[in-house]
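Below: target-v4.csv (CSV, C-alpha atoms)
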chain,number,residue,atom,x,y,z
S,1,VAL,CA,159.7,69.7,131.3
S,2,VAL,CA,158.4,72.6,133.3
S,3,LYS,CA,159.8,75.9,132.1
S,4,GLY,CA,157.2,78.6,133.0
S,5,VAL,CA,154.0,79.6,134.6
S,6,GLY,CA,151.9,78.1,131.7
S,7,ASP,CA,153.5,74.7,132.3
S,8,LEU,CA,152.8,74.9,136.0
S,9,VAL,CA,149.1,75.7,135.4
S,10,ARG,CA,148.9,72.8,132.9
S,11,GLU,CA,150.3,70.4,135.4
S,12,VAL,CA,147.9,71.5,138.2
S,13,ILE,CA,145.0,71.1,135.9
S,14,ARG,CA,146.2,67.7,134.8
S,15,ILE,CA,146.4,66.5,138.4
S,16,HIS,CA,143.3,68.1,139.8
S,17,GLY,CA,141.1,68.0,136.7
S,18,PHE,CA,139.0,70.7,134.9
S,19,ILE,CA,136.1,69.9,137.2
S,20,ALA,CA,137.9,71.4,140.1
S,21,ILE,CA,138.3,74.8,138.4
S,22,PRO,CA,135.4,77.2,139.5
S,23,ALA,CA,133.4,78.8,136.7
S,24,THR,CA,134.3,82.5,136.2
S,25,THR,CA,132.3,85.0,134.1
S,26,LEU,CA,134.5,86.6,131.5
S,27,PRO,CA,135.0,90.4,131.8
S,28,ASP,CA,132.8,92.6,129.6
S,29,GLY,CA,134.8,93.6,126.6
S,30,GLY,CA,132.5,96.5,125.8
S,31,ASN,CA,131.9,95.5,122.2
S,32,VAL,CA,130.9,91.9,122.8
S,33,GLY,CA,127.4,91.2,121.5
S,34,LYS,CA,126.9,94.4,119.5
S,35,ALA,CA,125.5,94.1,116.0
S,36,MET,CA,128.2,94.3,113.3
S,37,LEU,CA,125.8,95.1,110.5
S,38,SER,CA,124.4,98.5,109.7
S,39,PRO,CA,120.7,99.2,109.6
S,40,ALA,CA,120.8,99.2,105.8
S,41,GLN,CA,122.6,95.8,105.7
S,42,MET,CA,120.2,94.4,108.3
S,43,ARG,CA,117.1,95.2,106.2
S,44,VAL,CA,118.6,93.3,103.2
S,45,VAL,CA,119.1,90.3,105.5
S,46,LYS,CA,115.5,90.6,106.5
S,47,ALA,CA,114.4,90.7,102.8
S,48,ARG,CA,116.4,87.5,102.2
S,49,HIS,CA,114.7,85.8,105.1
S,50,GLY,CA,111.3,87.0,103.9
S,51,LEU,CA,111.8,85.7,100.4
S,52,ALA,CA,113.0,82.3,101.7
S,53,ALA,CA,109.9,82.1,103.9
S,54,ALA,CA,107.9,82.7,100.7
S,55,GLY,CA,109.3,79.5,99.3
S,56,MET,CA,112.1,80.9,97.2
S,57,HIS,CA,115.7,79.5,97.1
S,58,GLU,CA,118.6,81.8,97.4
S,59,VAL,CA,121.4,81.4,94.9
S,60,VAL,CA,124.8,83.0,94.3
S,61,SER,CA,126.0,83.6,90.8
S,62,TRP,CA,129.0,85.4,89.2
S,63,SER,CA,128.9,89.2,89.0
S,64,PHE,CA,129.6,88.8,85.3
S,65,MET,CA,128.1,87.0,82.3
S,66,SER,CA,128.5,86.4,78.6
S,67,SER,CA,128.4,89.6,76.5
S,68,ASP,CA,126.3,87.5,74.0
S,69,LEU,CA,123.7,87.1,76.7
S,70,ALA,CA,124.0,90.7,78.0
S,71,GLN,CA,123.2,92.2,74.6
S,72,HIS,CA,119.7,90.8,74.8
S,73,PHE,CA,119.1,93.0,77.8
S,74,THR,CA,121.1,96.2,77.3
S,75,PRO,CA,123.4,97.7,74.6
S,76,ILE,CA,127.0,96.5,75.0
S,77,ASP,CA,129.2,99.0,76.8
S,78,ASP,CA,132.9,98.4,76.3
S,79,ALA,CA,133.6,99.8,79.7
S,80,LEU,CA,131.9,96.8,81.2
S,81,ARG,CA,133.8,94.3,79.1
S,82,LEU,CA,136.5,92.4,81.1
S,83,GLN,CA,140.0,92.6,79.7
S,84,ASN,CA,141.1,89.4,81.4
S,85,PRO,CA,138.0,87.2,82.0
S,86,ILE,CA,138.3,84.0,83.9
S,87,SER,CA,136.2,82.4,81.1
S,88,ALA,CA,135.1,83.4,77.6
S,89,GLU,CA,131.5,83.0,78.8
S,90,LEU,CA,132.1,85.4,81.7
S,91,ASN,CA,133.6,88.4,79.9
S,92,TYR,CA,131.0,91.1,80.8
S,93,MET,CA,129.9,92.8,84.1
S,94,ARG,CA,126.3,92.1,84.5
S,95,PRO,CA,123.8,95.0,83.9
S,96,THR,CA,121.1,93.0,85.7
S,97,ILE,CA,120.9,89.8,87.7
S,98,LEU,CA,118.0,88.3,85.8
S,99,PRO,CA,120.0,86.8,82.9
S,100,ASN,CA,122.1,84.7,85.4
S,101,LEU,CA,118.8,83.5,87.0
S,102,LEU,CA,117.4,82.7,83.6
S,103,GLU,CA,120.4,80.6,82.8
S,104,MET,CA,119.8,78.6,86.0
S,105,ILE,CA,116.3,77.9,84.8
S,106,VAL,CA,117.7,76.7,81.5
S,107,ARG,CA,120.2,74.3,83.2
S,108,ASN,CA,117.5,73.0,85.6
S,109,SER,CA,115.0,72.5,82.8
S,110,ALA,CA,117.5,70.3,81.0
S,111,ARG,CA,117.3,68.1,84.1
S,112,ALA,CA,113.5,68.1,84.2
S,113,ALA,CA,113.3,70.7,87.1
S,114,ASN,CA,110.8,73.2,85.7
S,115,ASP,CA,109.0,74.6,88.7
S,116,LEU,CA,111.6,76.9,90.3
S,117,ALA,CA,111.6,79.9,92.6
S,118,LEU,CA,115.1,81.5,92.8
S,119,PHE,CA,116.4,84.8,94.1
S,120,GLU,CA,119.8,86.5,94.5
S,121,THR,CA,121.2,89.6,96.2
S,122,GLY,CA,124.1,91.3,94.6
S,123,PRO,CA,125.5,94.2,92.6
S,124,VAL,CA,124.7,95.2,89.0
S,125,PHE,CA,126.8,97.6,87.0
S,126,THR,CA,126.1,100.6,84.7
S,127,GLY,CA,129.7,101.6,84.3
S,128,ALA,CA,133.3,100.9,85.3
S,129,GLU,CA,133.6,103.6,88.0
S,130,PRO,CA,133.2,102.8,91.7
S,131,GLY,CA,129.9,104.7,92.0
S,132,GLN,CA,128.3,103.1,88.9
S,133,GLN,CA,127.0,100.0,90.6
S,134,GLN,CA,123.8,99.3,92.5
S,135,LEU,CA,122.7,96.6,95.0
S,136,VAL,CA,119.7,94.7,93.7
S,137,ILE,CA,117.5,91.9,95.0
S,138,ALA,CA,116.2,89.9,92.0
S,139,GLY,CA,114.1,86.8,91.7
S,140,VAL,CA,112.4,84.6,89.2
S,141,ARG,CA,109.6,81.9,89.3
S,142,SER,CA,109.0,79.5,86.5
S,143,GLY,CA,106.6,76.7,85.6
S,144,LEU,CA,103.8,76.1,88.1
S,145,CYS,CA,103.3,78.2,91.1
S,146,VAL,CA,100.6,75.9,92.5
S,147,LEU,CA,101.4,72.2,91.7
S,148,LYS,CA,98.9,69.7,90.4
S,149,ASN,CA,96.6,68.4,93.1
S,150,HIS,CA,93.3,66.6,93.6
S,151,TYR,CA,91.4,69.8,93.3
S,152,ASP,CA,92.7,71.1,90.0
S,153,GLY,CA,95.6,70.8,87.5
S,154,GLY,CA,97.8,73.5,89.1
S,155,ARG,CA,98.4,77.1,88.2
S,156,LYS,CA,101.1,78.6,86.1
S,157,VAL,CA,103.1,81.6,87.4
S,158,ASP,CA,101.9,85.0,86.4
S,159,ALA,CA,102.8,88.7,86.9
S,160,PHE,CA,100.9,88.8,90.2
S,161,ASP,CA,103.2,86.2,91.7
S,162,ALA,CA,106.2,88.4,90.8
S,163,LYS,CA,104.4,91.4,92.3
S,164,ALA,CA,103.8,89.5,95.6
S,165,ASP,CA,107.5,88.6,95.8
S,166,LEU,CA,108.5,92.2,95.2
S,167,ILE,CA,106.2,93.5,97.9
S,168,THR,CA,107.5,90.8,100.2
S,169,ALA,CA,111.0,92.0,99.7
S,170,LEU,CA,110.1,95.7,100.1
S,171,GLU,CA,107.8,95.1,103.1
S,172,THR,CA,110.4,93.1,105.0
S,173,MET,CA,112.9,96.0,104.4
S,174,GLY,CA,110.5,98.4,106.0
S,175,ALA,CA,109.1,100.1,102.9
S,176,PRO,CA,105.6,101.7,103.3
S,177,VAL,CA,103.9,99.3,100.9
S,178,SER,CA,100.5,100.8,101.5
S,179,ASN,CA,101.8,104.1,100.0
S,180,LEU,CA,103.3,102.6,96.9
S,181,GLN,CA,102.0,103.5,93.4
S,182,VAL,CA,101.8,100.9,90.6
S,183,GLN,CA,102.8,102.3,87.2
S,184,ALA,CA,102.2,100.0,84.2
S,185,ASP,CA,104.1,100.1,80.9
S,186,LYS,CA,107.3,101.6,82.5
S,187,ALA,CA,109.3,98.4,83.2
S,188,PRO,CA,112.6,97.7,81.4
S,189,HIS,CA,112.2,96.2,78.0
S,190,TRP,CA,113.1,92.7,79.1
S,191,TYR,CA,109.7,92.5,80.8
S,192,HIS,CA,106.4,91.9,79.0
S,193,PRO,CA,105.1,95.4,78.1
S,194,GLY,CA,101.5,94.6,79.0
S,195,ARG,CA,102.2,92.3,82.0
S,196,SER,CA,104.7,94.3,84.1
S,197,ALA,CA,104.8,97.3,86.4
S,198,VAL,CA,107.0,99.6,88.3
S,199,LEU,CA,106.4,100.2,92.0
S,200,THR,CA,107.3,103.8,93.1
S,201,LEU,CA,107.2,105.8,96.3
S,202,GLY,CA,106.5,109.3,95.0
S,203,LYS,CA,109.0,109.7,92.1
S,204,THR,CA,111.4,107.1,93.4
S,205,VAL,CA,111.4,103.7,91.8
S,206,LEU,CA,111.7,101.0,94.5
S,207,GLY,CA,111.2,97.9,92.2
S,208,VAL,CA,109.9,96.4,89.0
S,209,CYS,CA,108.1,93.1,88.4
S,210,GLY,CA,106.2,91.2,85.7
S,211,GLU,CA,106.5,88.5,83.1
S,212,ILE,CA,109.8,88.1,81.3
S,213,HIS,CA,109.4,89.2,77.7
S,214,PRO,CA,108.5,86.2,75.4
S,215,ALA,CA,111.3,87.2,73.0
S,216,ILE,CA,113.9,86.8,75.7
S,217,LEU,CA,112.5,83.4,76.7
S,218,LYS,CA,112.6,82.3,73.0
S,219,ARG,CA,116.2,83.3,72.6
S,220,LEU,CA,117.1,81.3,75.7
S,221,ASP,CA,115.0,78.3,74.6
S,222,ILE,CA,112.8,78.5,77.7
S,223,THR,CA,109.3,77.1,77.0
S,224,GLN,CA,107.6,77.5,80.4
S,225,PRO,CA,106.3,80.8,81.7
S,226,VAL,CA,108.7,82.9,83.7
S,227,VAL,CA,108.1,85.9,85.9
S,228,GLY,CA,110.6,88.0,87.7
S,229,PHE,CA,111.2,91.0,89.9
S,230,GLU,CA,114.0,93.4,90.9
S,231,ALA,CA,114.0,95.4,94.1
S,232,TYR,CA,116.4,98.4,94.8
S,233,PRO,CA,117.3,98.5,98.6
S,234,ASP,CA,119.4,101.7,98.2
S,235,ALA,CA,116.4,103.6,96.9
S,236,LEU,CA,114.4,103.0,100.1
S,237,PRO,CA,114.2,105.7,102.7
S,238,LYS,CA,117.1,105.4,105.1
S,239,PRO,CA,116.2,103.2,108.1
S,240,LYS,CA,116.1,105.0,111.4
S,241,GLN,CA,118.7,104.1,114.0
S,242,LYS,CA,116.8,102.6,117.0
S,243,ALA,CA,117.9,103.6,120.4
S,244,GLY,CA,117.5,100.1,121.7
S,245,ASN,CA,116.3,96.6,120.7
S,246,ALA,CA,112.9,97.0,122.3
S,247,ARG,CA,109.9,96.3,120.0
S,248,GLY,CA,107.2,98.8,119.6
S,249,LYS,CA,104.0,98.6,121.5
S,250,LEU,CA,101.5,96.1,120.3
S,251,GLU,CA,98.2,97.9,119.7
S,252,ILE,CA,95.1,95.7,119.7
S,253,SER,CA,91.7,97.3,119.8
S,254,ASP,CA,89.1,96.1,122.4
S,255,TYR,CA,86.3,97.0,120.1
S,256,GLN,CA,84.6,94.8,117.5
S,257,SER,CA,85.5,95.3,113.9
S,258,SER,CA,83.0,95.6,111.1
S,259,GLN,CA,83.3,94.6,107.4
S,260,ARG,CA,81.4,96.2,104.6
S,261,ASP,CA,81.4,95.2,100.9
S,262,PHE,CA,80.9,97.5,97.9
S,263,ALA,CA,80.5,96.9,94.2
S,264,PHE,CA,81.4,99.6,91.7
S,265,VAL,CA,81.5,100.0,88.0
S,266,ILE,CA,84.7,101.7,86.8
S,267,ASP,CA,86.5,102.4,83.5
S,268,ASP,CA,88.8,99.7,82.2
S,269,ALA,CA,91.6,102.3,82.1
S,270,LEU,CA,91.3,103.1,85.9
S,271,PRO,CA,93.8,101.0,87.9
S,272,VAL,CA,92.1,99.1,90.7
S,273,GLY,CA,94.9,100.1,93.0
S,274,ASP,CA,93.9,103.8,92.6
S,275,VAL,CA,90.4,102.9,93.8
S,276,LEU,CA,91.7,101.0,96.8
S,277,ALA,CA,94.1,103.8,97.7
S,278,ALA,CA,91.2,106.4,97.5
S,279,VAL,CA,89.1,104.3,99.9
S,280,GLN,CA,91.9,103.8,102.3
S,281,LYS,CA,92.4,107.6,102.6
S,282,VAL,CA,88.8,108.2,103.5
S,283,ASP,CA,89.5,107.6,107.2
S,284,LYS,CA,93.0,106.2,108.1
S,285,GLN,CA,92.0,105.9,111.7
S,286,LEU,CA,88.9,103.7,111.2
S,287,ILE,CA,89.7,101.8,107.9
S,288,ALA,CA,92.1,99.0,108.8
S,289,SER,CA,92.3,97.5,105.3
S,290,VAL,CA,90.8,97.5,101.9
S,291,SER,CA,90.9,94.4,99.6
S,292,LEU,CA,89.6,93.4,96.2
S,293,PHE,CA,87.7,90.2,96.0
S,294,ASP,CA,86.0,90.2,92.6
S,295,ILE,CA,86.3,91.6,89.1
S,296,TYR,CA,83.7,91.1,86.4
S,297,ALA,CA,83.3,92.2,82.8
S,298,GLY,CA,80.7,90.9,80.4
S,299,LYS,CA,76.9,90.7,80.3
S,300,GLY,CA,75.3,93.4,82.3
S,301,VAL,CA,78.3,95.7,82.2
S,302,GLU,CA,78.8,98.0,79.3
S,303,ASP,CA,81.8,97.9,77.0
S,304,GLY,CA,84.9,99.7,78.3
S,305,LYS,CA,83.7,99.1,81.9
S,306,ARG,CA,84.2,96.5,84.6
S,307,SER,CA,82.7,95.7,87.9
S,308,ILE,CA,84.8,95.4,91.0
S,309,ALA,CA,83.9,94.3,94.5
S,310,ILE,CA,85.9,95.5,97.5
S,311,SER,CA,85.8,94.6,101.1
S,312,VAL,CA,86.5,97.3,103.7
S,313,ASN,CA,87.6,96.3,107.2
S,314,ILE,CA,86.6,99.0,109.8
S,315,GLN,CA,88.3,98.8,113.1
S,316,PRO,CA,87.4,101.4,115.9
S,317,LYS,CA,90.0,102.0,118.5
S,318,ASP,CA,88.3,104.1,121.2
S,319,GLN,CA,84.5,103.5,121.0
S,320,THR,CA,81.9,101.2,119.5
S,321,LEU,CA,80.6,102.5,116.2
S,322,THR,CA,77.0,103.4,115.8
S,323,ASP,CA,74.9,102.8,112.7
S,324,GLU,CA,75.0,106.5,111.9
S,325,VAL,CA,78.8,106.6,112.0
S,326,LEU,CA,79.0,103.5,109.7
S,327,GLU,CA,76.5,104.9,107.3
S,328,SER,CA,78.4,108.2,107.1
S,329,LEU,CA,81.7,106.4,106.5
S,330,SER,CA,80.0,104.2,103.8
S,331,GLN,CA,78.8,107.4,102.0
S,332,LYS,CA,82.3,108.9,102.1
S,333,ILE,CA,83.7,105.7,100.6
S,334,ILE,CA,81.1,105.9,97.8
S,335,GLU,CA,82.0,109.5,97.2
S,336,ALA,CA,85.7,108.8,97.1
S,337,VAL,CA,85.2,106.2,94.4
S,338,GLU,CA,82.8,108.4,92.5
S,339,SER,CA,85.6,111.1,92.4
S,340,LYS,CA,87.7,108.6,90.5
S,341,GLY,CA,84.9,108.0,88.0
S,342,GLY,CA,83.3,105.0,89.6
S,343,VAL,CA,79.6,104.3,90.1
S,344,LEU,CA,78.0,102.3,92.9
S,345,ARG,CA,76.6,99.1,91.3
S,346,GLY,CA,73.0,98.4,92.3
Structure re-expressed in structure tokens:
Amino acid sequence: VVKGVGDLVREVIRIHGFIAIPATTLPDGGNVGKAMLSPAQMRVVKARHGLAAAGMHEVVSWSFMSSDLAQHFTPIDDALRLQNPISAELNYMRPTILPNLLEMIVRNSARAANDLALFETGPVFTGAEPGQQQLVIAGVRSGLCVLKNHYDGGRKVDAFDAKADLITALETMGAPVSNLQVQADKAPHWYHPGRSAVLTLGKTVLGVCGEIHPAILKRLDITQPVVGFEAYPDALPKPKQKAGNARGKLEISDYQSSQRDFAFVIDDALPVGDVLAAVQKVDKQLIASVSLFDIYAGKGVEDGKRSIAISVNIQPKDQTLTDEVLESLSQKIIEAVESKGGVLRG
């Protein structure tokens, strides 16, 4: 039965076929194709992609947990206790994501899956008010980081793996990782006091990483080593709104780079990161990168000292460097480390 224009159109199409209808471009709706996420939300998405590319698996857990589990991490706050929980084991708003991830390790270990790398993005709570919650990206690794192979027996996870994951999350979110300071012995008490650190930008804490405290692992009956990290996206400097989607100019120097190695003897108490930062600041235009490739303590090095070897990559941008310029730069590097108490090792 034909009762209107729509029915007439349908009959024409049925008789002549869809192939007879010419293709027509839809009118521009104005908002079609525009990004729906804010810059702050987009950088969290990038962090998730970066951690996944680093071999971690994203999980989603409840925003609450057992109060019995929460008391191992923070003092119980009645304001965070749920009055009508969906389960007796989910009666408390989580103060940190790590307990939920550790419970996943327990469940997987019971099924002989010990070598895990998990992360989650979600809120944590410090109170019941709307403003008393914070977005956190947290992750854990357990067991072996490098599996057994024909070269060696594998390698267990350590605090440096957690640090690498934290830096991956921060770097993909646009944090200036080369300007971050590492502060030891300031991590929350659920981390190992001697194998953890806080990463700060000035006075702002951007994240924390390290080994999970052995007492926490013992309470949860976890026998393999576990490391973790927590990154705070809201603490990062606000991302700049780009005028367009064009990428920045790729700058590649036409001039040959040069690499110079140095060995210094420094105090055990002096963080190596401070030495690397001091060298990097000698000449930010010429020094492309500074890396540590050896640490030694023992015979030939006095007690309370250690020998470190660093590699400095020098990349000129506008001219070929002469021997005089390289020697002058090398002397400045030595003086920078000496200002930190280091001594050039002969």
Test item: residues at most 10 Å from S:Ala277, all atoms listed in the file, excluding those fewer than 5 positions along its chain, as a ChimeraX atom specification: /S:178-181,272,282,290,336-337
Long-range neighbours of S:Gly304 as a VMD selection string, 12 Å cut-off, all atoms listed in the file, 3 positions minimum in chain: chain S and resid 265 to 270 296 to 298 301 307
Selection: 7 Å around S:Tyr232, all atoms listed in the file, excl. self and same-chain fewer than 4 positions, as number ranges by chain: S: 135-137, 206-207
Residues within 10 Å of S:Pro271, only C-alpha atoms, excluding chain neighbours under 4 positions, as a PyMOL selection string: chain S and resi 182-184+266-267+275-276
Contact residues around S:Leu166 with only C-alpha atoms at 8 Å, ignoring same-chain residues under 6 positions, as JSON, numbers by chain: {"S": [207, 208, 209, 229, 230, 231]}
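Rounded to one decimal, atom CA of S:Gly228 and atom CA of S:Glu89 lie 23.3 Å from each other.
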Closest of S:Val146, S:Thr74, S:Arg10, S:Ala162 to S:Arg195 - atom-to-atom distances counting all atoms listed in the file: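 Answer, going by the shortest atom-to-atom distance: S:Ala162.
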Per residue of stretch 158-241 of chain S within 8 Å of stretch 91-111 of chain S, note the shortest atom pair and the distance in Å to one decimal, counting all atoms listed in the file, and order the rows by chain and increasing residue number, as JSON lines.
{"residue": "S:Leu220", "atom": "CA", "partner": "S:Val106", "partner_atom": "CA", "distance": 7.4}
{"residue": "S:Asp221", "atom": "CA", "partner": "S:Val106", "partner_atom": "CA", "distance": 7.6}
{"residue": "S:Ile222", "atom": "CA", "partner": "S:Val106", "partner_atom": "CA", "distance": 6.5}
{"residue": "S:Gly228", "atom": "CA", "partner": "S:Leu98", "partner_atom": "CA", "distance": 7.6}
